[in-house]
file start.csv (CSV, C-alpha atoms and all ligand atoms)
chain,number,residue,atom,x,y,z
V,1307,MET,CA,5.6,11.7,-13.9
V,1308,ARG,CA,8.5,10.1,-15.7
V,1309,ILE,CA,8.4,6.3,-15.7
V,1310,PHE,CA,11.6,4.2,-15.8
V,1311,PHE,CA,11.3,0.5,-16.7
V,1312,PHE,CA,13.8,-2.2,-15.6
V,1313,LYS,CA,13.9,-5.9,-16.2
V,1314,LYS,CA,15.3,-6.8,-12.9
V,1315,LEU,CA,16.2,-4.9,-9.7
V,1316,ASN,CA,17.0,-5.7,-6.2
V,1317,SER,CA,14.2,-3.4,-5.0
V,1318,THR,CA,12.4,-0.6,-6.8
V,1319,ASN,CA,12.4,1.3,-3.5
V,1320,ILE,CA,16.2,1.1,-3.3
V,1321,LYS,CA,16.6,2.2,-6.9
V,1322,ALA,CA,14.2,5.0,-6.5
V,1323,LYS,CA,16.4,6.7,-3.9
V,1324,SER,CA,18.7,8.1,-6.5
V,1325,TYR,CA,15.9,9.5,-8.7
V,1326,PRO,CA,14.3,12.9,-8.5
V,1327,SER,CA,10.7,13.5,-7.3
V,1328,ASN,CA,8.0,12.7,-9.8
V,1329,SER,CA,9.9,9.6,-11.0
V,1330,VAL,CA,8.4,6.2,-11.1
V,1331,ILE,CA,10.7,3.1,-11.0
V,1332,VAL,CA,9.2,-0.1,-12.3
V,1333,ALA,CA,10.7,-3.6,-12.4
V,1334,ASP,CA,9.5,-6.9,-14.0
V,1335,GLU,CA,11.0,-8.7,-11.0
V,1336,GLN,CA,12.8,-8.0,-7.8
V,1337,THR,CA,15.5,-10.0,-6.1
V,1338,LEU,CA,15.2,-8.3,-2.7
V,1339,GLY,CA,11.6,-7.0,-2.7
V,1340,LYS,CA,11.1,-5.3,0.7
V,1341,GLY,CA,8.2,-5.4,3.1
V,1342,ARG,CA,7.9,-3.6,6.5
V,1343,PHE,CA,10.2,-4.5,9.4
V,1344,ARG,CA,12.8,-5.9,7.0
V,1345,ARG,CA,10.3,-8.5,5.8
V,1346,LYS,CA,10.4,-9.8,2.2
V,1347,TRP,CA,8.1,-9.1,-0.6
V,1348,SER,CA,7.9,-12.1,-3.0
V,1349,SER,CA,8.5,-10.6,-6.4
V,1350,ALA,CA,8.6,-13.2,-9.1
V,1351,LYS,CA,8.4,-12.2,-12.8
V,1352,GLY,CA,5.0,-11.2,-14.0
V,1353,GLY,CA,3.9,-9.1,-11.0
V,1354,LEU,CA,3.7,-5.3,-10.9
V,1355,TYR,CA,6.4,-3.7,-8.7
V,1356,PHE,CA,7.0,0.0,-8.7
V,1357,SER,CA,8.0,3.0,-6.6
V,1358,ILE,CA,6.9,6.6,-6.8
V,1359,VAL,CA,9.3,9.3,-5.8
V,1360,LEU,CA,7.6,12.3,-4.2
V,1361,GLU,CA,8.4,15.6,-2.6
V,1362,PRO,CA,5.9,15.3,0.2
V,1363,LYS,CA,3.9,18.2,1.5
V,1364,SER,CA,3.5,16.5,4.8
V,1365,SER,CA,5.9,14.5,6.9
V,1366,LEU,CA,3.2,12.0,7.8
V,1367,MET,CA,4.2,9.0,5.7
V,1368,GLN,CA,1.1,7.1,6.7
V,1369,HIS,CA,-1.0,9.6,4.8
V,1370,TYR,CA,0.8,8.6,1.5
V,1371,THR,CA,0.3,4.9,2.2
V,1372,PHE,CA,-3.5,5.6,2.6
V,1373,ILE,CA,-3.5,7.6,-0.6
V,1374,ALA,CA,-1.7,4.8,-2.5
V,1375,SER,CA,-4.1,2.2,-1.0
V,1376,LEU,CA,-7.1,4.1,-2.4
V,1377,ALA,CA,-5.4,4.6,-5.8
V,1378,VAL,CA,-4.8,0.8,-6.1
V,1379,LEU,CA,-8.3,-0.1,-4.9
V,1380,LYS,CA,-9.9,2.4,-7.4
V,1381,ALA,CA,-7.7,1.3,-10.3
V,1382,ILE,CA,-8.6,-2.4,-9.7
V,1383,LYS,CA,-12.3,-1.6,-9.4
V,1384,ASN,CA,-12.2,0.6,-12.6
V,1385,GLN,CA,-10.2,-1.8,-14.7
V,1386,PHE,CA,-11.6,-5.2,-13.6
V,1387,ASN,CA,-14.7,-4.4,-11.6
V,1388,ILE,CA,-13.3,-6.3,-8.7
V,1389,LYS,CA,-14.2,-5.2,-5.2
V,1390,THR,CA,-11.2,-5.2,-2.8
V,1391,GLY,CA,-10.8,-4.0,0.8
V,1392,ILE,CA,-8.1,-2.2,2.8
V,1393,LYS,CA,-6.4,-3.6,5.8
V,1394,TRP,CA,-4.5,-1.2,8.0
V,1395,PRO,CA,-1.9,0.0,7.4
V,1396,ASN,CA,-0.8,-1.1,3.9
V,1397,ASP,CA,-2.6,-4.1,2.5
V,1398,ILE,CA,-5.2,-4.5,-0.3
V,1399,LEU,CA,-7.2,-7.7,0.2
V,1400,TYR,CA,-9.5,-9.8,-1.9
V,1401,ASN,CA,-11.5,-12.3,0.0
V,1402,LYS,CA,-9.1,-11.9,3.0
V,1403,LYS,CA,-6.1,-12.7,0.8
V,1404,LYS,CA,-3.4,-10.2,0.2
V,1405,LEU,CA,-3.4,-8.8,-3.3
V,1406,CYS,CA,-1.2,-5.7,-2.8
V,1407,GLY,CA,1.3,-4.4,-0.3
V,1408,ILE,CA,2.6,-0.8,0.1
V,1409,LEU,CA,5.9,0.3,1.7
V,1410,SER,CA,6.4,4.1,2.1
V,1411,GLU,CA,9.9,5.2,3.1
V,1412,GLY,CA,11.2,8.7,3.8
V,1413,ILE,CA,14.6,9.9,2.8
V,1414,PHE,CA,15.7,13.0,4.7
V,1415,SER,CA,19.2,13.7,3.4
V,1416,GLU,CA,19.6,16.7,1.1
V,1417,HIS,CA,16.0,17.1,0.1
V,1418,LYS,CA,13.0,15.7,1.8
V,1419,LYS,CA,11.9,12.8,-0.4
V,1420,LEU,CA,9.4,10.1,0.0
V,1421,ILE,CA,9.3,6.8,-1.8
V,1422,VAL,CA,6.0,5.0,-2.1
V,1423,GLY,CA,6.6,1.4,-3.1
V,1424,ILE,CA,3.7,-0.7,-4.4
V,1425,GLY,CA,3.6,-4.4,-5.2
V,1426,VAL,CA,0.5,-5.9,-6.9
V,1427,ASN,CA,0.2,-9.6,-7.5
V,1428,THR,CA,-0.9,-9.6,-11.2
V,1429,ASN,CA,0.6,-12.6,-13.2
V,1430,ASN,CA,3.3,-13.6,-10.7
V,1431,LYS,CA,3.5,-16.9,-8.9
V,1432,ILE,CA,3.1,-16.6,-5.2
V,1433,PRO,CA,4.6,-18.9,-2.6
V,1434,LYS,CA,1.9,-21.3,-1.4
V,1435,ASN,CA,2.5,-20.6,2.3
V,1436,LEU,CA,1.3,-17.0,1.9
V,1437,LYS,CA,-2.3,-15.9,2.4
V,1438,ALA,CA,-2.2,-14.2,-1.0
V,1439,VAL,CA,-3.9,-14.0,-4.4
V,1440,SER,CA,-3.1,-12.6,-7.8
V,1441,LEU,CA,-5.3,-10.7,-10.3
V,1442,LYS,CA,-4.7,-13.4,-12.9
V,1443,THR,CA,-6.2,-16.0,-10.5
V,1444,ILE,CA,-9.2,-13.9,-9.8
V,1445,THR,CA,-9.9,-12.9,-13.4
V,1446,ASN,CA,-8.6,-16.0,-15.2
V,1447,LYS,CA,-6.9,-13.6,-17.6
V,1448,THR,CA,-3.4,-12.4,-18.2
V,1449,ILE,CA,-3.0,-8.9,-16.8
V,1450,THR,CA,-1.4,-6.0,-18.8
V,1451,ASN,CA,0.9,-4.5,-16.1
V,1452,LYS,CA,1.5,-1.3,-17.9
V,1453,LYS,CA,-2.2,-0.5,-18.3
V,1454,LEU,CA,-2.8,-1.2,-14.6
V,1455,LEU,CA,0.3,0.9,-13.6
V,1456,ARG,CA,-1.0,3.9,-15.6
V,1457,LYS,CA,-4.4,3.6,-14.0
V,1458,ILE,CA,-3.0,3.4,-10.5
V,1459,LEU,CA,-0.8,6.5,-11.2
V,1460,PHE,CA,-3.8,8.4,-12.5
V,1461,TYR,CA,-5.7,7.8,-9.3
V,1462,PHE,CA,-2.6,8.4,-7.2
V,1463,GLN,CA,-2.1,11.8,-8.7
V,1464,LYS,CA,-5.8,12.6,-8.4
V,1465,TYR,CA,-5.7,11.8,-4.6
V,1466,ILE,CA,-2.5,13.7,-4.1
V,1467,ILE,CA,-4.1,16.8,-5.6
V,1468,LYS,CA,-7.2,16.3,-3.4
V,1469,TYR,CA,-4.9,15.9,-0.3
V,1470,ASN,CA,-2.8,19.0,-1.1
V,1471,GLU,CA,-5.9,21.0,-1.6
V,1472,ASN,CA,-8.2,19.7,1.1
V,1473,GLY,CA,-6.0,17.9,3.6
V,1474,PHE,CA,-6.2,14.3,4.9
V,1475,LYS,CA,-9.8,14.3,6.2
V,1476,PRO,CA,-11.6,13.5,2.9
V,1477,ILE,CA,-8.9,10.9,2.1
V,1478,LEU,CA,-9.4,9.3,5.5
V,1479,ASN,CA,-13.2,9.3,5.2
V,1480,GLU,CA,-13.0,7.5,1.9
V,1481,TRP,CA,-10.3,5.1,3.2
V,1482,LYS,CA,-12.6,4.2,6.1
V,1483,LYS,CA,-15.4,3.2,3.7
V,1484,HIS,CA,-13.1,0.5,2.3
V,1485,CYS,CA,-11.5,-0.6,5.5
V,1486,VAL,CA,-12.3,-4.2,6.3
V,1487,HIS,CA,-12.0,-4.2,10.1
V,1488,LEU,CA,-13.4,-0.9,11.3
V,1489,ASN,CA,-15.9,-1.4,14.1
V,1490,LYS,CA,-14.9,-5.1,14.4
V,1491,GLU,CA,-13.1,-7.1,17.1
V,1492,ILE,CA,-9.6,-7.6,16.0
V,1493,LYS,CA,-6.2,-9.0,17.1
V,1494,VAL,CA,-3.2,-6.8,16.6
V,1495,LYS,CA,0.4,-8.0,16.8
V,1496,THR,CA,3.0,-5.4,17.8
V,1497,ILE,CA,6.7,-6.1,18.2
V,1498,LYS,CA,6.1,-6.7,21.9
V,1499,LYS,CA,2.7,-8.2,22.3
V,1500,ILE,CA,-0.7,-9.2,20.9
V,1501,ILE,CA,-3.6,-7.0,21.7
V,1502,LYS,CA,-7.3,-7.8,21.3
V,1503,GLY,CA,-9.9,-5.2,21.1
V,1504,LYS,CA,-12.6,-3.4,19.0
V,1505,ASN,CA,-11.2,-1.2,16.3
V,1506,ILE,CA,-13.3,1.9,16.9
V,1507,ASP,CA,-11.4,4.3,14.7
V,1508,VAL,CA,-8.3,5.3,12.6
V,1509,ASP,CA,-7.3,8.8,13.5
V,1510,LYS,CA,-6.0,11.7,11.4
V,1511,GLU,CA,-2.4,10.6,11.7
V,1512,GLY,CA,-3.3,7.1,10.5
V,1513,ILE,CA,-3.1,5.6,14.0
V,1514,LEU,CA,-5.2,2.6,14.7
V,1515,ILE,CA,-7.5,3.1,17.7
V,1516,LEU,CA,-8.7,0.1,19.7
V,1517,LYS,CA,-11.1,-0.2,22.7
V,1518,LYS,CA,-10.0,-2.8,25.1
V,1519,ASN,CA,-11.9,-3.3,28.4
V,1520,GLY,CA,-13.3,0.2,28.2
V,1521,LYS,CA,-9.8,1.7,27.7
V,1522,ILE,CA,-8.5,3.4,24.5
V,1523,VAL,CA,-5.4,1.9,23.0
V,1524,LYS,CA,-3.5,3.7,20.2
V,1525,ILE,CA,-1.4,1.6,17.9
V,1526,VAL,CA,1.2,3.3,15.6
V,1527,GLU,CA,3.0,0.3,14.1
V,1528,ALA,CA,1.8,-3.3,14.0
V,1529,ASP,CA,0.0,-6.0,12.0
V,1530,ILE,CA,-3.6,-6.9,12.2
V,1531,ALA,CA,-3.5,-10.7,12.8
V,1532,SER,CA,-7.2,-11.4,12.5
V,1533,SER,CA,-10.4,-9.5,11.9
V,1601,LIG,C1,4.2,-5.0,2.6
V,1601,LIG,O1,5.0,-5.2,3.7
V,1601,LIG,O2,3.2,-5.4,2.3
V,1601,LIG,C2,4.9,-4.0,1.7
V,1601,LIG,C3,5.2,-4.6,0.4
V,1601,LIG,C4,5.8,-3.6,-0.6
V,1601,LIG,C5,6.3,-4.2,-1.8
V,1601,LIG,C6,6.7,-3.2,-2.9
V,1601,LIG,S1,7.1,-3.9,-4.4
V,1601,LIG,C7,7.7,-2.4,-5.0
V,1601,LIG,C8,8.5,-1.8,-3.8
V,1601,LIG,N1,9.8,-2.3,-3.8
V,1601,LIG,C9,10.1,-3.0,-2.7
V,1601,LIG,O3,11.2,-3.5,-2.4
V,1601,LIG,N2,9.0,-3.1,-1.9
V,1601,LIG,C10,7.9,-2.3,-2.5
V,1601,LIG,P1,4.4,-6.0,5.0
V,1601,LIG,O4,3.1,-5.4,5.5
V,1601,LIG,O5,5.5,-6.1,5.9
V,1601,LIG,O6,4.1,-7.4,4.4
V,1601,LIG,C11,5.1,-8.4,4.1
V,1601,LIG,C12,4.5,-9.8,4.3
V,1601,LIG,O7,3.5,-10.0,3.2
V,1601,LIG,C13,5.5,-10.9,4.2
V,1601,LIG,O8,6.1,-11.1,5.4
V,1601,LIG,C14,4.6,-12.0,3.7
V,1601,LIG,O9,3.9,-12.6,4.8
V,1601,LIG,C15,3.6,-11.4,2.8
V,1601,LIG,N3,4.0,-11.4,1.4
V,1601,LIG,C16,5.2,-11.4,0.9
V,1601,LIG,N4,5.2,-11.4,-0.5
V,1601,LIG,C17,3.9,-11.3,-0.8
V,1601,LIG,C18,3.2,-11.3,-2.0
V,1601,LIG,N5,3.8,-11.2,-3.2
V,1601,LIG,N6,1.8,-11.2,-1.9
V,1601,LIG,C19,1.1,-11.3,-0.8
V,1601,LIG,N7,1.8,-11.3,0.4
V,1601,LIG,C20,3.1,-11.3,0.4

call {"tool": "encode", "arguments": {"input": "start.csv", "output": "structure tokens", "more": "lines below"}}
Ligand code: BT5
result
Amino acid sequence: MRIFFFKKLNSTNIKAKSYPSNSVIVADEQTLGKGRFRRKWSSAKGGLYFSIVLEPKSSLMQHYTFIASLAVLKAIKNQFNIKTGIKWPNDILYNKKKLCGILSEGIFSEHKKLIVGIGVNTNNKIPKNLKAVSLKTITNKTITNKKLLRKILFYFQKYIIKYNENGFKPILNEWKKHCVHLNKEIKVKTIKKIIKGKNIDVDKEGILILKKNGKIVKIVEADIASS
């Protein structure tokens, strides 16, 4: 992988669009950090913001978000011995607070390209109204972003190889072990409504499965509001 560093970008996901696969775009800060559904990702100086450009073997973007979640979780465990959890579909949490968010976007123009954008709160200040936390606050130490970046990329590549060789099942099984809401009663917010139910599974396409009044409800895109 070739890593390109920038002081300031609007969004590493936007910049990444003009780069070939196997590039990694990193910024010290973002002026228009993106979340899902056109939401914003607070990206003050000091945090770790980067996007990986890939030529995906599968068109299931969700698979790559799961791979990235595991890579971040493993890297944080390995480097800081901190236990985090995963919240579907794209959050890494520490004590129920968001430590990292992931945004995978597909570009299907000339070549099929996938951009996996990862934001980790390391040394950055976070707006107080967010239920969020940074690694600096957890560890009481200044974080070396480059070191953490390399560790995440190491695990990401490892999981990509595993995925390409053995498919999604082993990835999903490992992801489930770290998922914070599996087999729990949860509240899910879709664009249209709020659904309450028991999260009985996450399927092979990364779809959230709820059981509500004895019926199975499949959720493709949403936010888990409480668990
Ligand atoms: C995400 O969206 O969590 C995806 C975030 C992806 C950010 C990376 S940074 C590198 C790359 N370049 C980009 O432009 N983006 C990617 P979502 O699940 O929609 O969550 C967004 C919500 O998280 C916001 O509406 C806030 O409530 C909250 N949030 C915003 N900034 C945050 C932060 N720094 N830490 C924790 N929570 C935050």

call {"tool": "closest_residue", "arguments": {"input": "start.csv", "among": "V:Leu1360, V:Val1330, V:Ile1392, V:Leu1488", "to": "Glu1411 in chain V", "atoms": "all atoms listed in the file"}}
result
V:Leu1360

call {"tool": "residues_near_ligand", "arguments": {"input": "start.csv", "ligand": "ligand LIG 1601 (chain V)", "cutoff": "8 Å", "atoms": "all atoms listed in the file", "output": "PyMOL selection string"}}
result
chain V and resi 1316-1320+1332+1336+1338-1350+1354-1357+1395-1397+1403-1409+1422-1427+1430+1432-1433+1436-1440+1529

call {"tool": "residues_around", "arguments": {"input": "start.csv", "residues": "Ile1458 in chain V", "least_positions_apart": "4", "cutoff": "9 Å", "atoms": "only C-alpha atoms", "output": "number ranges by chain"}}
result
V: 1374, 1377-1382, 1453-1454, 1462-1463

call {"tool": "closest_residue", "arguments": {"input": "start.csv", "among": "V:Ala1528, V:Ile1358, V:Ile1515, V:Leu1459", "to": "Ile1497 in chain V", "atoms": "only C-alpha atoms"}}
result
V:Ala1528

call {"tool": "closest_residue", "arguments": {"input": "start.csv", "among": "V:Leu1420, V:Phe1386, V:Glu1480, V:Gly1473", "to": "Ile1444 in chain V", "atoms": "all atoms listed in the file"}}
result
V:Phe1386

call {"tool": "residues_around", "arguments": {"input": "start.csv", "residues": "Asn1489 in chain V", "least_positions_apart": "4", "cutoff": "10 Å", "atoms": "only C-alpha atoms", "output": "list in words"}}
result
Cys1485, Gly1503, Lys1504, Asn1505, Ile1506, Asp1507, Leu1516 and Lys1517 of chain V

call {"tool": "residues_around", "arguments": {"input": "start.csv", "residues": "Ile1525 in chain V", "least_positions_apart": "6", "cutoff": "10 Å", "atoms": "all atoms listed in the file", "output": "PDB file with C-alpha atoms, keeping the file's coordinate frame"}}
result
ATOM      1  CA  VAL V1494      -3.200  -6.800  16.600  1.00  0.00           C
ATOM      2  CA  LYS V1495       0.400  -8.000  16.800  1.00  0.00           C
ATOM      3  CA  THR V1496       3.000  -5.400  17.800  1.00  0.00           C
ATOM      4  CA  ILE V1501      -3.600  -7.000  21.700  1.00  0.00           C
ATOM      5  CA  VAL V1508      -8.300   5.300  12.600  1.00  0.00           C
ATOM      6  CA  GLY V1512      -3.300   7.100  10.500  1.00  0.00           C
ATOM      7  CA  ILE V1513      -3.100   5.600  14.000  1.00  0.00           C
ATOM      8  CA  LEU V1514      -5.200   2.600  14.700  1.00  0.00           C
ATOM      9  CA  ILE V1515      -7.500   3.100  17.700  1.00  0.00           C
ATOM     10  CA  LEU V1516      -8.700   0.100  19.700  1.00  0.00           C
TER      11      LEU V1516
END

call {"tool": "atom_distance", "arguments": {"input": "start.csv", "atom1": "CA of Lys1493 in chain V", "atom2": "CA of Glu1527 in chain V"}}
result
13.4 Å

call {"tool": "atom_distance", "arguments": {"input": "start.csv", "atom1": "CA of Thr1371 in chain V", "atom2": "CA of Ser1410 in chain V"}}
result
6.2 Å
